[in-house]
>>> print(open('coords.cif').read())   # mmCIF, C-alpha atoms
data_data
#
loop_
_atom_site.label_atom_id
_atom_site.label_comp_id
_atom_site.auth_asym_id
_atom_site.auth_seq_id
_atom_site.Cartn_x
_atom_site.Cartn_y
_atom_site.Cartn_z
CA MET A 1 14.12 -12.74 -30.02
CA THR A 2 13.17 -14.55 -33.19
CA VAL A 3 13.16 -18.17 -34.40
CA LYS A 4 15.21 -19.03 -37.51
CA ARG A 5 15.57 -22.20 -39.54
CA VAL A 6 19.16 -23.48 -39.61
CA GLU A 7 19.47 -22.95 -43.37
CA ASP A 8 18.55 -19.28 -42.88
CA LEU A 9 21.23 -18.66 -40.25
CA ALA A 10 24.24 -16.53 -41.04
CA GLU A 11 27.61 -16.08 -39.38
CA GLY A 12 27.32 -13.46 -36.65
CA ASP A 13 23.74 -14.39 -35.64
CA VAL A 14 23.62 -14.54 -31.83
CA VAL A 15 22.12 -17.71 -30.29
CA GLY A 16 19.10 -16.76 -28.11
CA ALA A 17 18.80 -19.96 -26.05
CA ASP A 18 21.06 -22.99 -25.45
CA VAL A 19 20.87 -25.47 -28.32
CA VAL A 20 20.86 -29.06 -27.06
CA ASN A 21 20.92 -32.46 -28.76
CA ALA A 22 18.49 -35.29 -28.03
CA GLN A 23 20.62 -36.38 -25.05
CA GLY A 24 20.53 -32.90 -23.54
CA ALA A 25 24.17 -32.03 -24.30
CA VAL A 26 24.65 -28.35 -25.09
CA LEU A 27 25.81 -27.91 -28.68
CA VAL A 28 25.95 -24.10 -28.70
CA LYS A 29 25.44 -21.90 -25.68
CA SER A 30 23.05 -18.96 -25.51
CA GLY A 31 24.72 -15.64 -26.35
CA VAL A 32 27.34 -17.12 -28.71
CA PRO A 33 27.76 -15.40 -32.12
CA LEU A 34 27.67 -18.15 -34.75
CA VAL A 35 30.68 -18.95 -36.91
CA GLU A 36 31.04 -21.41 -39.80
CA LYS A 37 31.98 -24.30 -37.45
CA HIS A 38 28.70 -23.89 -35.50
CA LEU A 39 26.62 -23.93 -38.67
CA ARG A 40 28.24 -27.21 -39.72
CA LEU A 41 27.73 -28.68 -36.23
CA LEU A 42 24.04 -27.74 -36.14
CA LYS A 43 23.41 -29.33 -39.55
CA MET A 44 25.37 -32.42 -38.49
CA TRP A 45 23.15 -32.88 -35.44
CA GLY A 46 20.03 -32.38 -37.49
CA VAL A 47 18.92 -29.23 -35.66
CA GLU A 48 16.14 -27.60 -37.67
CA LYS A 49 15.40 -24.33 -35.84
CA LEU A 50 16.82 -22.20 -33.05
CA LYS A 51 16.19 -18.96 -31.25
CA VAL A 52 18.25 -15.97 -32.39
CA ASP A 53 18.65 -12.84 -30.30
CA ASP A 54 17.81 -10.00 -32.67
CA GLY A 55 17.64 -7.36 -29.93
CA THR A 56 13.84 -7.31 -29.62
CA ALA A 57 12.15 -8.22 -26.34
CA GLU A 58 9.31 -10.13 -27.95
CA GLU A 59 9.62 -13.56 -29.30
CA HIS A 60 7.90 -13.66 -32.67
CA GLY A 61 6.40 -16.82 -34.03
CA GLY A 62 5.62 -19.35 -31.36
CA GLU A 63 4.19 -19.79 -27.93
CA MET A 64 5.26 -16.40 -26.60
CA GLU A 65 3.38 -14.61 -29.35
CA ALA A 66 0.26 -16.63 -28.58
CA MET A 67 0.61 -15.75 -24.91
CA LEU A 68 1.00 -12.07 -25.70
CA ASP A 69 -2.18 -12.25 -27.78
CA ALA A 70 -4.05 -14.03 -24.96
CA ALA A 71 -2.78 -11.53 -22.37
CA GLU A 72 -3.77 -8.58 -24.56
CA ALA A 73 -7.24 -9.99 -25.13
CA GLU A 74 -7.67 -10.43 -21.38
CA ILE A 75 -6.36 -7.03 -20.29
CA LYS A 76 -7.22 -4.60 -23.09
CA ALA A 77 -10.97 -5.07 -22.62
CA ARG A 78 -10.59 -3.73 -19.08
CA PHE A 79 -9.21 -0.41 -20.25
CA GLY A 80 -12.17 1.06 -22.11
CA PRO A 81 -11.59 4.22 -24.14
CA SER A 82 -8.80 5.70 -22.00
CA LEU A 83 -6.01 4.29 -24.17
CA ASP A 84 -5.51 7.50 -26.12
CA ASN A 85 -3.54 8.64 -23.08
CA GLU A 86 0.16 7.76 -23.52
CA VAL A 87 0.64 6.79 -19.85
CA MET A 88 -2.33 4.42 -19.97
CA ALA A 89 -1.06 2.95 -23.26
CA GLU A 90 2.31 2.27 -21.60
CA ILE A 91 0.63 0.70 -18.55
CA LEU A 92 -1.33 -1.60 -20.88
CA ARG A 93 1.80 -2.52 -22.87
CA VAL A 94 3.75 -3.43 -19.72
CA ALA A 95 0.78 -5.24 -18.14
CA VAL A 96 0.40 -7.42 -21.27
CA GLU A 97 4.11 -8.29 -21.35
CA GLN A 98 4.20 -9.13 -17.65
CA ARG A 99 1.01 -11.20 -17.84
CA ALA A 100 2.37 -13.15 -20.84
CA ALA A 101 5.62 -13.79 -18.94
CA GLN A 102 3.58 -15.09 -15.97
CA MET A 103 1.59 -17.40 -18.27
CA SER A 104 4.80 -18.68 -19.82
CA ALA A 105 6.40 -19.32 -16.40
CA LYS A 106 3.27 -21.14 -15.22
CA GLU A 107 3.30 -23.34 -18.32
CA GLN A 108 6.92 -24.31 -17.74
CA THR A 109 6.31 -25.45 -14.14
CA MET B 1 -32.54 10.73 -8.10
CA THR B 2 -33.40 13.96 -6.22
CA THR B 3 -30.94 15.75 -3.94
CA GLU B 4 -33.28 15.14 -0.98
CA THR B 5 -33.32 11.37 -1.60
CA VAL B 6 -29.52 11.24 -1.84
CA GLU B 7 -29.17 13.31 1.33
CA GLN B 8 -31.61 11.07 3.18
CA LYS B 9 -29.84 7.90 2.04
CA LEU B 10 -26.46 9.27 3.03
CA SER B 11 -27.76 10.39 6.40
CA GLU B 12 -29.26 6.94 7.09
CA LEU B 13 -25.96 5.39 6.10
CA ALA B 14 -24.05 7.80 8.33
CA GLU B 15 -26.21 6.74 11.28
CA LYS B 16 -25.47 3.07 10.61
CA VAL B 17 -21.76 3.80 10.30
CA GLN B 18 -21.86 5.70 13.60
CA ARG B 19 -23.26 2.59 15.28
CA LEU B 20 -20.22 0.51 14.23
CA PRO B 21 -18.03 -0.33 17.22
CA ALA B 22 -15.10 1.94 17.97
CA LEU B 23 -11.63 0.76 16.97
CA PRO B 24 -9.69 -1.06 19.69
CA THR B 25 -8.60 1.32 22.45
CA VAL B 26 -4.95 0.60 21.81
CA TYR B 27 -4.92 2.49 18.47
CA ASN B 28 -6.53 5.64 19.91
CA ARG B 29 -4.38 5.52 23.05
CA VAL B 30 -1.16 5.18 21.03
CA THR B 31 -2.25 8.06 18.76
CA GLU B 32 -2.87 10.23 21.83
CA LEU B 33 0.51 9.37 23.32
CA MET B 34 2.29 10.06 20.03
CA ASN B 35 0.73 13.52 19.99
CA ASP B 36 1.80 14.15 23.58
CA PRO B 37 5.37 15.52 23.73
CA LYS B 38 5.70 14.33 27.35
CA SER B 39 5.10 10.67 26.52
CA SER B 40 7.97 8.21 26.16
CA ALA B 41 8.65 5.31 23.80
CA ALA B 42 8.49 2.93 26.77
CA GLU B 43 5.02 4.22 27.65
CA ILE B 44 3.77 3.68 24.07
CA GLY B 45 5.37 0.22 23.94
CA GLY B 46 3.67 -0.63 27.25
CA VAL B 47 0.21 0.29 25.94
CA VAL B 48 0.66 -1.97 22.89
CA ALA B 49 2.16 -4.84 24.89
CA ASN B 50 -0.82 -4.76 27.26
CA ASP B 51 -3.13 -5.77 24.42
CA GLN B 52 -1.71 -9.23 23.98
CA ALA B 53 -3.72 -10.16 20.89
CA ILE B 54 -2.66 -7.03 18.98
CA ALA B 55 0.93 -7.26 20.23
CA ALA B 56 1.21 -10.88 19.03
CA ARG B 57 -0.13 -10.04 15.56
CA LEU B 58 2.11 -6.99 15.37
CA LEU B 59 5.21 -9.08 16.13
CA ASN B 60 4.08 -11.69 13.58
CA ILE B 61 3.95 -9.05 10.86
CA VAL B 62 7.17 -7.31 11.87
CA ASN B 63 8.90 -10.69 11.61
CA SER B 64 7.29 -11.55 8.24
CA SER B 65 8.72 -11.10 4.73
CA PHE B 66 6.78 -7.84 4.51
CA TYR B 67 9.53 -6.07 6.46
CA GLY B 68 12.28 -8.57 5.73
CA PHE B 69 14.35 -7.84 8.84
CA LYS B 70 17.21 -10.27 9.24
CA GLN B 71 17.03 -10.57 13.02
CA ARG B 72 14.03 -11.84 14.93
CA ILE B 73 12.16 -9.10 16.81
CA ASN B 74 10.75 -10.29 20.13
CA THR B 75 9.39 -7.17 21.82
CA VAL B 76 7.05 -4.33 20.91
CA THR B 77 9.68 -1.76 21.96
CA ARG B 78 12.22 -3.34 19.61
CA ALA B 79 9.60 -3.41 16.83
CA MET B 80 8.98 0.28 17.40
CA THR B 81 12.70 1.02 17.04
CA MET B 82 12.79 -0.89 13.77
CA ILE B 83 9.66 0.47 12.08
CA GLY B 84 9.40 3.90 13.71
CA PHE B 85 6.52 5.61 15.53
CA ARG B 86 4.61 6.30 12.35
CA GLY B 87 5.15 2.77 11.06
CA LEU B 88 3.79 1.42 14.34
CA LYS B 89 0.75 3.68 14.20
CA GLU B 90 -0.08 2.67 10.61
CA LEU B 91 0.36 -0.98 11.45
CA LEU B 92 -1.92 -0.69 14.47
CA LEU B 93 -4.51 0.98 12.26
CA ALA B 94 -4.49 -1.90 9.77
CA LEU B 95 -4.57 -4.41 12.64
CA SER B 96 -7.58 -2.63 14.13
CA VAL B 97 -9.63 -2.00 10.98
CA LEU B 98 -9.33 -5.23 9.01
CA PRO B 99 -10.88 -7.53 11.62
CA ALA B 100 -13.65 -4.97 12.28
CA MET B 101 -15.11 -5.14 8.76
CA LYS B 102 -17.43 -7.85 7.49
CA ASP B 103 -16.23 -9.39 4.21
CA ASP B 104 -17.65 -12.89 4.43
CA SER B 105 -18.99 -13.15 0.89
CA THR B 106 -17.35 -15.88 -1.14
CA GLY B 107 -19.56 -16.02 -4.22
CA GLY B 108 -21.57 -13.73 -6.46
CA PRO B 109 -20.62 -10.22 -7.50
CA PHE B 110 -18.82 -9.39 -4.25
CA ASN B 111 -16.09 -11.68 -3.02
CA GLY B 112 -14.20 -10.91 0.18
CA ARG B 113 -11.00 -12.59 -0.95
CA SER B 114 -10.90 -10.75 -4.30
CA PHE B 115 -11.64 -7.50 -2.49
CA TRP B 116 -8.62 -7.91 -0.23
CA MET B 117 -6.40 -9.11 -3.07
CA HIS B 118 -7.19 -5.90 -4.95
CA ALA B 119 -6.58 -3.87 -1.77
CA VAL B 120 -3.18 -5.56 -1.38
CA GLY B 121 -2.44 -4.86 -5.07
CA VAL B 122 -3.14 -1.14 -4.59
CA ALA B 123 -1.15 -1.12 -1.34
CA ALA B 124 1.74 -2.86 -3.13
CA GLY B 125 1.63 -0.39 -6.01
CA ALA B 126 1.55 2.55 -3.61
CA ARG B 127 4.46 1.16 -1.58
CA ALA B 128 6.47 0.48 -4.76
CA ALA B 129 5.80 4.00 -6.06
CA ALA B 130 6.72 5.55 -2.71
CA THR B 131 10.00 3.61 -2.72
CA LEU B 132 10.76 4.58 -6.33
CA LEU B 133 9.98 8.22 -5.58
CA ARG B 134 11.95 8.08 -2.30
CA ILE B 135 8.91 9.10 -0.24
CA PRO B 136 9.86 8.46 3.42
CA GLU B 137 8.21 5.52 5.24
CA PRO B 138 6.67 3.69 2.27
CA GLU B 139 4.92 1.34 4.74
CA ALA B 140 2.60 4.22 5.67
CA VAL B 141 1.51 4.52 2.04
CA PHE B 142 0.94 0.75 2.01
CA THR B 143 -1.74 1.10 4.72
CA VAL B 144 -3.39 3.92 2.79
CA GLY B 145 -3.58 1.71 -0.30
CA LEU B 146 -4.86 -1.21 1.74
CA LEU B 147 -7.81 0.78 3.14
CA HIS B 148 -8.64 2.95 0.10
CA ASP B 149 -11.80 0.99 -0.86
CA ILE B 150 -13.12 0.43 2.64
CA GLY B 151 -16.36 2.19 1.69
CA LYS B 152 -17.27 -0.88 -0.41
CA LEU B 153 -17.23 -3.02 2.73
CA ALA B 154 -19.59 -0.56 4.46
CA GLU B 155 -21.88 -0.61 1.40
CA TYR B 156 -21.83 -4.41 1.44
CA GLN B 157 -22.67 -4.40 5.13
CA PHE B 158 -25.36 -1.69 5.19
CA MET B 159 -26.94 -1.54 1.71
CA LYS B 160 -26.08 -4.92 0.27
CA GLU B 161 -28.83 -5.18 -2.33
CA GLU B 162 -28.21 -1.78 -3.96
CA PHE B 163 -24.45 -2.32 -3.84
CA LEU B 164 -24.70 -5.70 -5.58
CA VAL B 165 -26.98 -4.23 -8.26
CA ALA B 166 -24.40 -1.50 -8.92
CA LEU B 167 -21.63 -4.11 -9.13
CA GLU B 168 -23.68 -6.14 -11.62
CA ALA B 169 -24.16 -3.04 -13.78
CA ALA B 170 -20.44 -2.16 -13.62
CA HIS B 171 -19.64 -5.71 -14.74
CA ARG B 172 -22.30 -5.84 -17.48
CA ASP B 173 -21.47 -2.43 -18.95
CA ASN B 174 -17.68 -2.66 -18.33
CA ARG B 175 -17.69 0.68 -16.55
CA PRO B 176 -16.02 1.91 -13.34
CA LEU B 177 -18.17 1.18 -10.28
CA HIS B 178 -17.95 4.75 -8.95
CA GLU B 179 -19.62 6.07 -12.12
CA ILE B 180 -22.51 3.62 -11.79
CA GLU B 181 -22.87 4.38 -8.07
CA LYS B 182 -23.02 8.10 -8.77
CA GLU B 183 -25.81 7.56 -11.31
CA THR B 184 -27.88 5.05 -9.38
CA LEU B 185 -27.24 5.95 -5.73
CA GLY B 186 -26.15 9.57 -5.99
CA PHE B 187 -22.93 8.86 -4.08
CA THR B 188 -19.96 6.49 -4.35
CA HIS B 189 -18.02 4.01 -2.22
CA ALA B 190 -15.46 6.80 -1.79
CA ASP B 191 -18.12 8.97 -0.08
CA VAL B 192 -19.14 6.06 2.15
CA GLY B 193 -15.48 5.36 2.92
CA CYS B 194 -15.12 8.98 3.95
CA LEU B 195 -17.96 8.57 6.48
CA LEU B 196 -16.25 5.54 7.93
CA ALA B 197 -12.82 7.19 8.02
CA ARG B 198 -14.24 10.19 9.90
CA LYS B 199 -16.16 7.97 12.33
CA TRP B 200 -12.91 6.17 13.20
CA GLN B 201 -10.93 9.41 13.22
CA PHE B 202 -8.40 8.26 10.66
CA PRO B 203 -5.50 10.65 9.95
CA ASP B 204 -6.11 13.31 7.29
CA ASN B 205 -3.90 11.68 4.65
CA LEU B 206 -5.94 8.50 4.87
CA ILE B 207 -9.29 10.31 4.83
CA GLU B 208 -8.23 12.11 1.64
CA ALA B 209 -6.97 9.00 -0.15
CA ILE B 210 -10.18 7.13 0.70
CA SER B 211 -12.42 10.05 -0.29
CA TYR B 212 -10.60 11.16 -3.44
CA HIS B 213 -8.87 8.13 -4.97
CA HIS B 214 -11.12 8.52 -8.02
CA THR B 215 -11.01 12.33 -7.96
CA PRO B 216 -7.45 13.06 -6.80
CA ALA B 217 -7.56 16.69 -7.93
CA LEU B 218 -9.82 17.40 -4.92
CA ALA B 219 -7.15 16.42 -2.37
CA THR B 220 -5.69 19.44 -0.58
CA LYS B 221 -3.90 18.11 2.52
CA SER B 222 -2.11 15.12 1.05
CA PRO B 223 -2.37 15.42 -2.76
CA ALA B 224 0.84 13.52 -3.62
CA GLN B 225 -0.14 10.47 -1.56
CA THR B 226 -3.69 10.52 -2.98
CA ALA B 227 -2.20 10.72 -6.49
CA VAL B 228 -0.01 7.69 -5.77
CA VAL B 229 -3.03 5.67 -4.56
CA HIS B 230 -5.04 6.73 -7.65
CA LEU B 231 -2.22 5.48 -9.88
CA ALA B 232 -1.74 2.28 -7.85
CA ASP B 233 -5.46 1.50 -8.30
CA ILE B 234 -5.00 1.68 -12.09
CA ILE B 235 -1.89 -0.51 -11.98
CA ALA B 236 -3.42 -3.15 -9.68
CA ARG B 237 -6.41 -3.45 -12.02
CA ALA B 238 -4.22 -3.57 -15.15
CA LYS B 239 -2.24 -6.38 -13.51
CA ILE B 240 -5.45 -8.21 -12.50
CA MET B 241 -4.54 -8.28 -8.82
CA GLY B 242 -7.79 -9.47 -7.28
CA ASP B 243 -10.17 -10.51 -10.05
CA MET B 244 -13.18 -8.45 -9.07
CA TYR B 245 -16.59 -8.13 -10.68
CA ASP B 246 -15.95 -4.43 -11.32
CA SER B 247 -12.75 -5.07 -13.26
CA ARG B 248 -12.68 -1.94 -15.41
CA VAL B 249 -9.42 0.06 -15.18
CA PRO B 250 -10.43 3.60 -14.15
CA PRO B 251 -9.31 6.57 -16.27
CA LEU B 252 -6.09 8.36 -15.33
CA ASP B 253 -6.28 11.84 -13.86
CA GLN B 254 -3.50 13.62 -15.78
CA ARG B 255 -2.82 16.09 -12.97
CA ALA B 256 -2.37 13.24 -10.51
CA TRP B 257 0.14 11.64 -12.86
CA GLU B 258 2.12 14.88 -13.08
CA LEU B 259 1.91 15.38 -9.33
CA SER B 260 3.21 11.87 -8.63
CA GLY B 261 6.54 12.88 -10.20
CA LEU B 262 6.83 9.58 -12.06
CA LYS B 263 8.19 9.44 -15.59
CA ARG B 264 6.80 7.27 -18.37
CA ASN B 265 10.05 5.30 -18.59
CA GLN B 266 9.65 4.30 -14.91
CA ILE B 267 6.31 2.54 -15.46
CA ALA B 268 7.80 -0.87 -16.31
CA GLN B 269 10.02 -0.74 -13.21
CA LEU B 270 7.11 0.36 -11.03
CA MET B 271 4.91 -2.47 -12.29
CA GLN B 272 7.67 -5.02 -11.75
CA ASP B 273 8.26 -3.74 -8.20
CA THR B 274 4.49 -3.81 -7.56
CA GLU B 275 4.52 -7.55 -8.27
CA LYS B 276 7.25 -8.16 -5.67
CA GLU B 277 5.48 -5.99 -3.10
CA PHE B 278 2.23 -7.85 -3.86
CA GLU B 279 3.73 -11.15 -2.71
CA LYS B 280 4.94 -9.58 0.55
CA GLY B 281 1.61 -7.77 1.03
CA LYS B 282 -0.37 -11.01 0.69
CA ALA B 283 1.54 -12.40 3.69
CA PHE B 284 0.75 -9.23 5.64
CA VAL B 285 -3.00 -9.45 5.05
CA ALA B 286 -3.09 -13.20 5.62
CA ILE B 287 -1.59 -12.75 9.11
CA ILE B 288 -4.14 -10.07 10.03
CA ARG B 289 -7.19 -11.84 8.61
CA GLU B 290 -6.37 -15.32 9.82
CA SER B 291 -5.76 -14.20 13.39
CA GLY B 292 -8.44 -11.50 13.49
#
>>> encode(input="coords.cif", output="structure tokens")
Amino acid sequence: MTVKRVEDLAEGDVVGADVVNAQGAVLVKSGVPLVEKHLRLLKMWGVEKLKVDDGTAEEHGGEMEAMLDAAEAEIKARFGPSLDNEVMAEILRVAVEQRAAQMSAKEQT
Amino acid sequence: MTTETVEQKLSELAEKVQRLPALPTVYNRVTELMNDPKSSAAEIGGVVANDQAIAARLLNIVNSSFYGFKQRINTVTRAMTMIGFRGLKELLLALSVLPAMKDDSTGGPFNGRSFWMHAVGVAAGARAAATLLRIPEPEAVFTVGLLHDIGKLAEYQFMKEEFLVALEAAHRDNRPLHEIEKETLGFTHADVGCLLARKWQFPDNLIEAISYHHTPALATKSPAQTAVVHLADIIARAKIMGDMYDSRVPPLDQRAWELSGLKRNQIAQLMQDTEKEFEKGKAFVAIIRESG
């Protein structure tokens, strides 16, 4: 998942999260591949940025990245020098992702 | 530390452990009956039902989200049908041991609540791994995970000062507690847990997991289960389940990993499942501790 400015969008980009106007009405639903009509609509409503699903699990640029950094700082220190083992490296990677997801869920409630 | 000093300390500790009260009669009686081919399910059910306090707690747990049965279970005999003989025995063991151990510390390096949260995390990880690996009766592995660190409770009870100093050092130096214990005391909480497990005549699989969860290559009778508990300990710490003073994630024993039969691409699934099991496990421990 990545965040793009509307002027950088191209036809075929897949919307990563529902785009809503100030009244909460959905302008474009998550998962829709953008066509010319959507691009016009987004500009008309003054939308500046939106999430685009680029096939990656992480969301670059934004709160999620900050949470991943915070989770890594919290968990990595507990591992010591055993990270040269590929299983331990995978456990750390998953633990960081799951911790960041927990932090994000907590923030939204 | 000389060998004589270590031996003397361990022998003093063994004497104190021996003076701990026996587990409730119901656990030993049920174990005897289960080993007796002439005994019947009704007889075993009767022994449990006669101990009303244990029977009530047992039914509370069997009806909790831990098992997730759709229908309400009102009798011990029905519970036995649902969870099996072995499931009943493991449950009785947890019901007998948890209330017997002192864990009243709420502040400082050792905190009873954090201790049990970590124990539930390891139990959850072990149960999740057993389910993923299709090991029969994953609830049995849950009990093993739950009791794996019981030696720490004995250390807290019988050699509090030295135990707390070791915990402080593990925290300060960000090192596994068992390494510090080995250096400063000459033995570890796993050794002390072994004394306790033998005193209470725990089954062999449980004695091995308690004794060798940091050195799983030494397990001979139940190596796969010990390997699963070793791995679950790493996962529970990586997921910060129970924020303990000794928070360092212990190193992985590569042979234990291979023996577990897990693949690297199953780790994310296992860790996700561990989280779900953790929620159910917390309810399990809360029922036992609150009514103990």
>>> interface_residues(input="coords.cif", of="chain A", to="chain B", cutoff="6 Å", atoms="only C-alpha atoms", output="list in words")
Arg78, Phe79, Ser82, Val94 and Ala95 of chain A
>>> atom_distance(input="coords.cif", atom1="atom CA of A:Val47", atom2="atom CA of A:Leu27")
9.9 Å
>>> residues_around(input="coords.cif", residues="B:Gly108", least_positions_apart="6", cutoff="12 Å", atoms="all atoms listed in the file", output="MDAnalysis selection string")
chainID B and resid 114 160:161 164:165 167:168 171 244:246
>>> atom_distance(input="coords.cif", atom1="atom CA of B:Ser65", atom2="atom CA of B:Ala283")
7.4 Å
>>> closest_residue(input="coords.cif", among="A:Arg99, A:Arg93, A:Lys49, A:His38", to="A:Glu7", atoms="all atoms listed in the file")
A:Lys49
>>> closest_residue(input="coords.cif", among="A:Leu68, A:Ala100, A:Ala10, A:Leu50", to="A:Val28", atoms="all atoms listed in the file")
A:Leu50
>>> resolve_selection(input="coords.cif", expression="the PyMOL selection byres ((chain B and resi 74-79) around 9)", output="ChimeraX atom specification")
/B:41-42,44-46,48-49,55-56,58-59,62-63,72-73,80-84,88
>>> residues_around(input="coords.cif", residues="A:Gly62", least_positions_apart="2", cutoff="12 Å", atoms="only C-alpha atoms", output="list in words")
Met1, Thr2, Val3, Lys4, Lys49, Leu50, Lys51, Glu58, Glu59, His60, Met64, Glu65, Ala66, Met67, Leu68, Asp69 and Ser104 of chain A
>>> atom_distance(input="coords.cif", atom1="atom CA of B:Ala129", atom2="atom CA of B:Ala286")
22.6 Å
>>> resolve_selection(input="coords.cif", expression="the PyMOL selection byres ((chain B and resi 9) around 12)", output="PDB file with C-alpha atoms, in the coordinates of the input")
ATOM      1  CA  MET B   1     -32.540  10.730  -8.100  1.00  0.00           C
ATOM      2  CA  THR B   2     -33.400  13.960  -6.220  1.00  0.00           C
ATOM      3  CA  THR B   3     -30.940  15.750  -3.940  1.00  0.00           C
ATOM      4  CA  GLU B   4     -33.280  15.140  -0.980  1.00  0.00           C
ATOM      5  CA  THR B   5     -33.320  11.370  -1.600  1.00  0.00           C
ATOM      6  CA  VAL B   6     -29.520  11.240  -1.840  1.00  0.00           C
ATOM      7  CA  GLU B   7     -29.170  13.310   1.330  1.00  0.00           C
ATOM      8  CA  GLN B   8     -31.610  11.070   3.180  1.00  0.00           C
ATOM      9  CA  LEU B  10     -26.460   9.270   3.030  1.00  0.00           C
ATOM     10  CA  SER B  11     -27.760  10.390   6.400  1.00  0.00           C
ATOM     11  CA  GLU B  12     -29.260   6.940   7.090  1.00  0.00           C
ATOM     12  CA  LEU B  13     -25.960   5.390   6.100  1.00  0.00           C
ATOM     13  CA  ALA B  14     -24.050   7.800   8.330  1.00  0.00           C
ATOM     14  CA  GLU B  15     -26.210   6.740  11.280  1.00  0.00           C
ATOM     15  CA  LYS B  16     -25.470   3.070  10.610  1.00  0.00           C
ATOM     16  CA  GLU B 155     -21.880  -0.610   1.400  1.00  0.00           C
ATOM     17  CA  PHE B 158     -25.360  -1.690   5.190  1.00  0.00           C
ATOM     18  CA  MET B 159     -26.940  -1.540   1.710  1.00  0.00           C
ATOM     19  CA  GLU B 162     -28.210  -1.780  -3.960  1.00  0.00           C
ATOM     20  CA  THR B 184     -27.880   5.050  -9.380  1.00  0.00           C
ATOM     21  CA  LEU B 185     -27.240   5.950  -5.730  1.00  0.00           C
ATOM     22  CA  GLY B 186     -26.150   9.570  -5.990  1.00  0.00           C
ATOM     23  CA  PHE B 187     -22.930   8.860  -4.080  1.00  0.00           C
ATOM     24  CA  THR B 188     -19.960   6.490  -4.350  1.00  0.00           C
ATOM     25  CA  ASP B 191     -18.120   8.970  -0.080  1.00  0.00           C
ATOM     26  CA  VAL B 192     -19.140   6.060   2.150  1.00  0.00           C
TER      27      VAL B 192
END
>>> residues_around(input="coords.cif", residues="B:Phe142", least_positions_apart="6", cutoff="6 Å", atoms="all atoms listed in the file", output="ChimeraX atom specification")
/B:123,126-127
>>> residues_around(input="coords.cif", residues="B:Leu20", least_positions_apart="2", cutoff="10 Å", atoms="all atoms listed in the file", output="list of chain:residue names")
B:Glu15, B:Lys16, B:Val17, B:Gln18, B:Ala22, B:Leu23, B:Ala100, B:Met101, B:Ala154, B:Leu196, B:Lys199, B:Trp200
>>> write_last_selection(input="coords.cif", atoms="C-alpha atoms", output="tab-separated table (two decimals), in the frame of the given file")
chain	number	residue	atom	x	y	z
B	15	GLU	CA	-26.21	6.74	11.28
B	16	LYS	CA	-25.47	3.07	10.61
B	17	VAL	CA	-21.76	3.80	10.30
B	18	GLN	CA	-21.86	5.70	13.60
B	22	ALA	CA	-15.10	1.94	17.97
B	23	LEU	CA	-11.63	0.76	16.97
B	100	ALA	CA	-13.65	-4.97	12.28
B	101	MET	CA	-15.11	-5.14	8.76
B	154	ALA	CA	-19.59	-0.56	4.46
B	196	LEU	CA	-16.25	5.54	7.93
B	199	LYS	CA	-16.16	7.97	12.33
B	200	TRP	CA	-12.91	6.17	13.20
>>> residues_around(input="coords.cif", residues="A:Leu83", least_positions_apart="5", cutoff="9 Å", atoms="all atoms listed in the file", output="list in words")
Met88, Ala89, Glu90 and Leu92 of chain A; Pro251 of chain B
>>> closest_residue(input="coords.cif", among="B:Thr215, B:Thr226, B:Ser96, B:Asn50", to="B:Gly145", atoms="all atoms listed in the file")
B:Thr226
>>> resolve_selection(input="coords.cif", expression="the PyMOL selection byres ((chain B and resi 193) around 7)", output="ChimeraX atom specification")
/B:149-151,189-192,194-197,210-211
>>> closest_residue(input="coords.cif", among="B:Arg57, B:Arg86, B:Lys70, B:His118", to="B:Lys282", atoms="all atoms listed in the file")
B:His118
>>> decode(input="coords.cif", residues="stretch 88-103 of chain B", atoms="C-alpha atoms", output="short mmCIF file (atom, residue, chain, number, x, y, z; two decimals), in the first residue's frame")
data_model
loop_
_atom_site.label_atom_id
_atom_site.label_comp_id
_atom_site.auth_asym_id
_atom_site.auth_seq_id
_atom_site.Cartn_x
_atom_site.Cartn_y
_atom_site.Cartn_z
CA LEU B 88 -9.23 -34.18 31.96
CA LYS B 89 -5.97 -35.24 33.57
CA GLU B 90 -4.08 -32.22 32.18
CA LEU B 91 -6.83 -29.89 33.28
CA LEU B 92 -6.83 -31.34 36.79
CA LEU B 93 -3.08 -30.86 36.90
CA ALA B 94 -3.36 -27.16 36.04
CA LEU B 95 -6.23 -26.77 38.51
CA SER B 96 -4.12 -28.38 41.23
CA VAL B 97 -0.78 -26.65 40.62
CA LEU B 98 -1.71 -23.03 39.96
CA PRO B 99 -3.40 -22.34 43.31
CA ALA B 100 -0.56 -24.15 45.14
CA MET B 101 2.16 -21.70 44.05
CA LYS B 102 2.81 -18.33 45.64
CA ASP B 103 2.94 -15.50 43.07
#
